[in-house]
file coords.csv (CSV, C-alpha atoms and all ligand atoms)
chain,number,residue,atom,x,y,z
A,52,MET,CA,102.2,78.3,128.7
A,53,ASP,CA,101.9,75.8,125.9
A,54,PHE,CA,105.2,75.0,124.2
A,55,SER,CA,105.5,73.0,121.0
A,56,MET,CA,108.2,72.2,118.6
A,57,LYS,CA,108.3,74.2,115.5
A,58,ARG,CA,110.7,74.9,112.7
A,59,ARG,CA,112.2,78.3,112.4
A,60,THR,CA,113.5,79.3,109.0
A,61,LEU,CA,115.8,82.2,108.4
A,62,LEU,CA,115.3,83.9,105.0
A,63,LYS,CA,117.6,86.4,103.5
A,64,VAL,CA,115.7,88.9,101.5
A,65,ILE,CA,117.5,91.7,99.6
A,66,VAL,CA,116.0,94.9,98.4
A,67,LEU,CA,117.3,96.4,95.2
A,68,GLY,CA,116.5,99.3,92.9
A,69,ASP,CA,117.7,102.8,92.0
A,70,SER,CA,118.6,105.3,94.6
A,71,GLY,CA,115.6,107.4,95.8
A,72,VAL,CA,112.9,104.9,95.0
A,73,GLY,CA,112.1,104.4,98.7
A,74,LYS,CA,113.8,101.2,99.7
A,75,THR,CA,114.9,102.4,103.1
A,76,SER,CA,111.6,104.1,103.7
A,77,LEU,CA,109.8,100.8,103.0
A,78,MET,CA,111.9,99.1,105.5
A,79,ASN,CA,111.4,101.8,108.1
A,80,GLN,CA,107.6,101.3,107.7
A,81,LYS,CA,107.8,97.6,107.8
A,82,PHE,CA,109.8,97.7,111.0
A,83,ASN,CA,108.0,100.7,112.4
A,84,GLN,CA,111.3,102.2,113.6
A,85,GLN,CA,113.9,104.6,112.3
A,86,TYR,CA,116.6,102.7,110.5
A,87,LYS,CA,119.7,104.6,109.5
A,88,PRO,CA,122.2,102.6,107.6
A,89,THR,CA,125.8,103.7,108.3
A,90,ILE,CA,128.3,102.2,106.0
A,91,GLY,CA,128.0,99.2,103.8
A,92,ALA,CA,124.9,97.0,103.6
A,93,ASP,CA,122.8,96.4,106.7
A,94,PHE,CA,119.9,94.3,107.6
A,95,MET,CA,116.9,94.2,109.9
A,96,THR,CA,115.1,91.1,111.1
A,97,LYS,CA,111.5,90.5,111.6
A,98,GLU,CA,109.7,87.4,113.0
A,99,LEU,CA,106.7,86.1,111.1
A,100,GLN,CA,104.4,83.1,111.5
A,101,ILE,CA,103.2,81.6,108.4
A,102,ASP,CA,100.8,78.7,109.0
A,103,ASP,CA,102.7,76.6,111.5
A,104,LYS,CA,106.1,77.9,110.5
A,105,LEU,CA,108.2,80.4,112.3
A,106,VAL,CA,110.1,82.6,109.9
A,107,THR,CA,112.8,85.1,110.5
A,108,LEU,CA,113.1,87.5,107.6
A,109,GLN,CA,116.5,89.1,107.4
A,110,ILE,CA,116.0,92.0,105.0
A,111,TRP,CA,119.1,93.6,103.5
A,112,ASP,CA,119.1,97.2,102.5
A,113,THR,CA,121.9,99.1,100.8
A,114,ALA,CA,123.5,102.2,102.3
A,115,GLY,CA,123.3,104.1,99.0
A,116,GLN,CA,126.0,102.3,97.1
A,117,GLU,CA,123.3,101.4,94.5
A,118,ARG,CA,124.1,104.8,92.9
A,119,PHE,CA,127.4,103.2,91.8
A,120,GLN,CA,126.0,99.7,91.1
A,121,SER,CA,128.7,98.3,93.3
A,122,LEU,CA,127.1,96.4,96.1
A,123,GLY,CA,129.6,93.7,96.5
A,124,SER,CA,129.1,90.0,96.5
A,125,ALA,CA,128.4,89.7,100.2
A,126,PHE,CA,125.2,91.6,99.7
A,127,TYR,CA,123.8,89.1,97.3
A,128,ARG,CA,125.3,85.9,98.7
A,129,GLY,CA,122.8,83.4,99.9
A,130,ALA,CA,119.7,85.5,99.1
A,131,ASP,CA,116.4,83.5,99.3
A,132,CYS,CA,114.4,86.3,97.7
A,133,CYS,CA,115.0,89.6,95.9
A,134,ILE,CA,112.6,92.5,96.2
A,135,LEU,CA,112.9,94.9,93.3
A,136,VAL,CA,111.6,98.5,93.8
A,137,TYR,CA,110.9,101.3,91.4
A,138,ASP,CA,109.2,104.7,91.7
A,139,VAL,CA,106.0,104.7,89.6
A,140,ASN,CA,106.5,108.5,89.0
A,141,VAL,CA,110.0,108.2,87.5
A,142,ALA,CA,110.3,106.2,84.3
A,143,ARG,CA,114.0,105.8,84.5
A,144,THR,CA,113.7,103.7,87.7
A,145,PHE,CA,111.4,101.3,85.9
A,146,ASP,CA,113.8,101.1,82.9
A,147,THR,CA,116.7,100.1,85.1
A,148,LEU,CA,114.8,97.2,86.6
A,149,HIS,CA,116.1,94.9,83.9
A,150,ASN,CA,119.7,95.8,85.0
A,151,TRP,CA,119.0,95.1,88.6
A,152,HIS,CA,117.3,91.8,87.7
A,153,GLU,CA,120.3,90.8,85.6
A,154,GLU,CA,122.8,92.0,88.2
A,155,PHE,CA,121.1,90.0,90.9
A,156,LEU,CA,121.1,86.8,88.8
A,157,LYS,CA,124.8,87.4,87.9
A,158,GLN,CA,125.9,88.1,91.5
A,159,ALA,CA,123.7,85.7,93.5
A,160,ASP,CA,123.9,83.1,90.8
A,161,PRO,CA,120.9,80.9,91.8
A,162,THR,CA,120.9,77.4,90.4
A,163,ASP,CA,117.5,77.9,88.8
A,164,PRO,CA,117.2,81.5,87.8
A,165,ASP,CA,113.8,80.9,86.1
A,166,THR,CA,112.1,80.0,89.4
A,167,PHE,CA,114.1,82.2,91.8
A,168,PRO,CA,111.6,84.2,93.9
A,169,PHE,CA,111.5,87.9,93.0
A,170,VAL,CA,108.8,90.4,94.0
A,171,LEU,CA,108.4,93.8,92.3
A,172,LEU,CA,107.2,96.9,94.2
A,173,GLY,CA,105.9,100.0,92.4
A,174,ASN,CA,106.4,102.6,95.2
A,175,LYS,CA,105.2,106.2,95.8
A,176,VAL,CA,101.7,105.6,94.4
A,177,ASP,CA,100.5,108.3,96.9
A,178,ILE,CA,102.2,111.2,95.1
A,179,ASP,CA,99.9,113.7,93.5
A,180,GLY,CA,97.0,111.4,93.8
A,181,GLY,CA,98.5,109.3,90.9
A,182,HIS,CA,98.5,112.2,88.4
A,183,SER,CA,102.3,112.3,88.1
A,184,ARG,CA,102.5,108.5,87.5
A,185,MET,CA,104.7,107.6,84.5
A,186,ILE,CA,104.3,103.8,84.6
A,187,SER,CA,100.9,102.2,84.5
A,188,GLU,CA,100.1,99.2,86.6
A,189,ASN,CA,99.5,97.2,83.4
A,190,ARG,CA,102.9,98.0,82.1
A,191,ALA,CA,104.5,96.9,85.3
A,192,ARG,CA,102.5,93.7,85.3
A,193,GLU,CA,103.6,93.0,81.7
A,194,TRP,CA,107.2,93.3,82.7
A,195,CYS,CA,106.6,90.9,85.6
A,196,ALA,CA,104.9,88.5,83.2
A,197,SER,CA,107.9,88.7,80.9
A,198,LYS,CA,110.2,87.7,83.8
A,199,GLY,CA,108.3,84.5,84.7
A,200,ASN,CA,105.3,86.0,86.6
A,201,ILE,CA,106.9,88.0,89.3
A,202,PRO,CA,104.3,89.1,91.9
A,203,TYR,CA,103.7,92.8,91.8
A,204,PHE,CA,102.6,95.2,94.5
A,205,GLU,CA,101.9,98.9,94.3
A,206,THR,CA,103.1,100.5,97.6
A,207,SER,CA,103.4,103.7,99.5
A,208,ALA,CA,106.0,103.9,102.2
A,209,LYS,CA,104.6,107.3,103.1
A,210,GLU,CA,101.1,105.9,103.7
A,211,ASN,CA,102.1,102.5,104.8
A,212,TYR,CA,100.1,101.0,101.9
A,213,ASN,CA,100.5,97.3,100.8
A,214,ILE,CA,103.9,96.8,102.5
A,215,GLU,CA,102.9,94.1,104.8
A,216,GLU,CA,101.3,92.2,102.0
A,217,ALA,CA,104.5,92.5,99.8
A,218,PHE,CA,106.9,91.3,102.5
A,219,LEU,CA,104.5,88.4,103.4
A,220,CYS,CA,104.4,87.4,99.8
A,221,ALA,CA,108.2,87.5,99.7
A,222,ALA,CA,108.4,85.2,102.7
A,223,GLU,CA,105.8,82.8,101.3
A,224,ASN,CA,107.4,82.6,97.9
A,225,SER,CA,110.8,81.9,99.5
A,226,LEU,CA,109.3,79.2,101.7
A,227,ALA,CA,107.6,77.7,98.7
A,228,ASN,CA,111.0,76.6,97.5
A,229,GLU,CA,111.8,74.8,100.8
A,230,HIS,CA,110.3,71.5,99.7
A,231,LYS,CA,112.6,71.6,96.6
A,232,PRO,CA,116.1,70.3,97.0
A,233,ASP,CA,118.5,72.7,98.7
A,234,ILE,CA,119.7,74.0,95.4
A,235,TYR,CA,118.6,77.6,95.7
A,236,PHE,CA,116.7,77.5,98.9
A,237,ARG,CA,119.4,78.5,101.3
A,238,GLY,CA,117.2,79.4,104.3
A,239,ILE,CA,118.6,77.9,107.4
A,240,SER,CA,116.0,75.8,109.2
A,241,GLU,CA,116.2,74.6,112.8
A,242,THR,CA,113.7,73.1,115.2
A,243,VAL,CA,113.1,75.3,118.2
A,244,SER,CA,110.8,75.2,121.1
A,245,GLU,CA,108.5,78.2,121.1
A,246,PRO,CA,105.4,79.3,123.0
A,247,GLU,CA,102.4,78.4,120.9
A,248,GLN,CA,101.1,81.4,119.0
A,249,ARG,CA,97.5,81.6,117.9
A,250,GLY,CA,96.3,83.1,114.7
A,251,GLY,CA,98.0,83.6,111.3
A,252,CYS,CA,100.8,85.7,110.3
A,253,ALA,CA,102.3,87.6,113.2
A,254,CYS,CA,103.7,90.3,111.1
A,301,LIG,P1,116.2,104.7,98.8
A,301,LIG,O1,117.4,105.5,98.2
A,301,LIG,O2,115.7,103.8,97.7
A,301,LIG,O3,116.5,104.0,100.0
A,301,LIG,O4,115.0,105.8,99.0
A,301,LIG,P2,114.6,106.5,100.4
A,301,LIG,O5,113.9,105.5,101.3
A,301,LIG,O6,115.8,107.1,101.0
A,301,LIG,O7,113.6,107.6,99.9
A,301,LIG,C1,113.9,108.6,99.1
A,301,LIG,C2,112.9,109.8,99.3
A,301,LIG,O8,111.6,109.4,98.8
A,301,LIG,C3,112.8,110.2,100.7
A,301,LIG,O9,112.7,111.6,100.7
A,301,LIG,C4,111.5,109.5,101.2
A,301,LIG,O10,110.9,110.3,102.2
A,301,LIG,C5,110.7,109.6,99.9
A,301,LIG,N1,109.7,108.4,99.8
A,301,LIG,C6,110.0,107.1,100.0
A,301,LIG,N2,108.9,106.4,99.8
A,301,LIG,C7,107.9,107.3,99.5
A,301,LIG,C8,106.5,107.1,99.3
A,301,LIG,O11,105.9,106.0,99.2
A,301,LIG,N3,105.8,108.2,99.0
A,301,LIG,C9,106.4,109.5,99.0
A,301,LIG,N4,105.6,110.5,98.7
A,301,LIG,N5,107.7,109.7,99.3
A,301,LIG,C10,108.4,108.6,99.5
A,302,MG,MG,118.3,103.8,101.0
call {"tool": "encode", "arguments": {"input": "coords.csv", "output": "structure tokens"}}
result
Amino acid sequence: MDFSMKRRTLLKVIVLGDSGVGKTSLMNQKFNQQYKPTIGADFMTKELQIDDKLVTLQIWDTAGQERFQSLGSAFYRGADCCILVYDVNVARTFDTLHNWHEEFLKQADPTDPDTFPFVLLGNKVDIDGGHSRMISENRAREWCASKGNIPYFETSAKENYNIEEAFLCAAENSLANEHKPDIYFRGISETVSEPEQRGGCAC
């Protein structure tokens, strides 16, 4: 087997949004296994390969405390990326995105809030063939533009639609900060010896 030295980067990604929008379901799809948070926050890890970099995504989900907006500072601390989620069929979950965005910036306190990597997911696009949708894709994209061009993905946890793409984008955008000084890139890199993998993203 061919072994070569590669850098492995650990990225902490947190998933935020109102209760019921599908955060846990999105993670279940991503990891293709049932994930049942017990108490407090919990995370799952996933190995990816992006170009020649090995990446471990550590994705943090809440255990329902988002209902009370009290996630605690440990949840936010050291995050490299924040995935915001709303339900395209429930306008209120879109309206509260601003609060989640603000809360993240307040709690995680990144040095450069203007360039911190966020990703927005509009979930449950499968419902009713789109007829019960309350928020148009354009409206969501306008919101993203107003927050410094946050990447936007429409997803369905039920139909496993666009989830890989969204998590890959989150990883790539976090890595894009790596060449900048260690100000808000807090991913831990180490050089490891790994079997050579062929092809692109191994997600
Ligand atoms: P959370 O509170 O944000 O973690 O949301 P959950 O993942 O617990 O999902 C809340 C409910 O929405 C559950 O009944 C899920 O089965 C359902 N759900 C989640 N994502 C989707 C989706 O993409 N499409 C549909 N139709 N239902 C979904
Ligand atoms: Mg949940």
call {"tool": "closest_residue", "arguments": {"input": "coords.csv", "among": "A:Pro161, A:Gly123, A:Gly173, A:Pro168", "to": "Lys74 (chain A)", "atoms": "only C-alpha atoms"}}
result
A:Gly173
call {"tool": "residues_near_ligand", "arguments": {"input": "coords.csv", "ligand": "ligand LIG 301 (chain A)", "cutoff": "8 Å", "atoms": "all atoms listed in the file", "output": "PyMOL selection string"}}
result
chain A and resi 67-78+112-115+136+174-178+206-211
call {"tool": "closest_residue", "arguments": {"input": "coords.csv", "among": "A:Glu98, A:Asp146, A:Glu154, A:Asp179", "to": "Ser121 (chain A)", "atoms": "all atoms listed in the file"}}
result
A:Glu154
call {"tool": "atom_distance", "arguments": {"input": "coords.csv", "atom1": "CA of Asn213 (chain A)", "atom2": "CA of Ala125 (chain A)"}}
result
28.9 Å
call {"tool": "residues_near_point", "arguments": {"input": "coords.csv", "point": "(99.1, 99.7, 88.8)", "cutoff": "9 Å", "atoms": "all atoms listed in the file", "output": "JSON list (two decimals) with C-alpha atoms, keeping the file's coordinate frame"}}
result
[["chain", "number", "residue", "atom", "x", "y", "z"],
["A", 139, "VAL", "CA", 106.00, 104.70, 89.60],
["A", 173, "GLY", "CA", 105.90, 100.00, 92.40],
["A", 176, "VAL", "CA", 101.70, 105.60, 94.40],
["A", 186, "ILE", "CA", 104.30, 103.80, 84.60],
["A", 187, "SER", "CA", 100.90, 102.20, 84.50],
["A", 188, "GLU", "CA", 100.10, 99.20, 86.60],
["A", 189, "ASN", "CA", 99.50, 97.20, 83.40],
["A", 190, "ARG", "CA", 102.90, 98.00, 82.10],
["A", 191, "ALA", "CA", 104.50, 96.90, 85.30],
["A", 192, "ARG", "CA", 102.50, 93.70, 85.30],
["A", 203, "TYR", "CA", 103.70, 92.80, 91.80],
["A", 204, "PHE", "CA", 102.60, 95.20, 94.50],
["A", 205, "GLU", "CA", 101.90, 98.90, 94.30]]
call {"tool": "atom_distance", "arguments": {"input": "coords.csv", "atom1": "CA of Ile65 (chain A)", "atom2": "CA of Asn200 (chain A)"}}
result
18.7 Å
call {"tool": "atom_distance", "arguments": {"input": "coords.csv", "atom1": "CA of His149 (chain A)", "atom2": "CA of Phe167 (chain A)"}}
result
15.1 Å
call {"tool": "closest_residue", "arguments": {"input": "coords.csv", "among": "A:Lys63, A:Trp111, A:Pro164, A:Leu105", "to": "ligand MG 302 (chain A)", "atoms": "all atoms listed in the file"}}
result
A:Trp111
call {"tool": "residues_around", "arguments": {"input": "coords.csv", "residues": "Pro202 (chain A)", "least_positions_apart": "5", "cutoff": "10 Å", "atoms": "all atoms listed in the file", "output": "list in words"}}
result
Ile134, Pro168, Phe169, Val170, Leu171, Leu172, Arg192, Cys195, Ala196, Ala217, Cys220, Ala221 and Asn224 of chain A
call {"tool": "residues_around", "arguments": {"input": "coords.csv", "residues": "Val141 (chain A)", "least_positions_apart": "3", "cutoff": "8 Å", "atoms": "all atoms listed in the file", "output": "PyMOL selection string"}}
result
chain A and resi 137-138+144-145+184-186
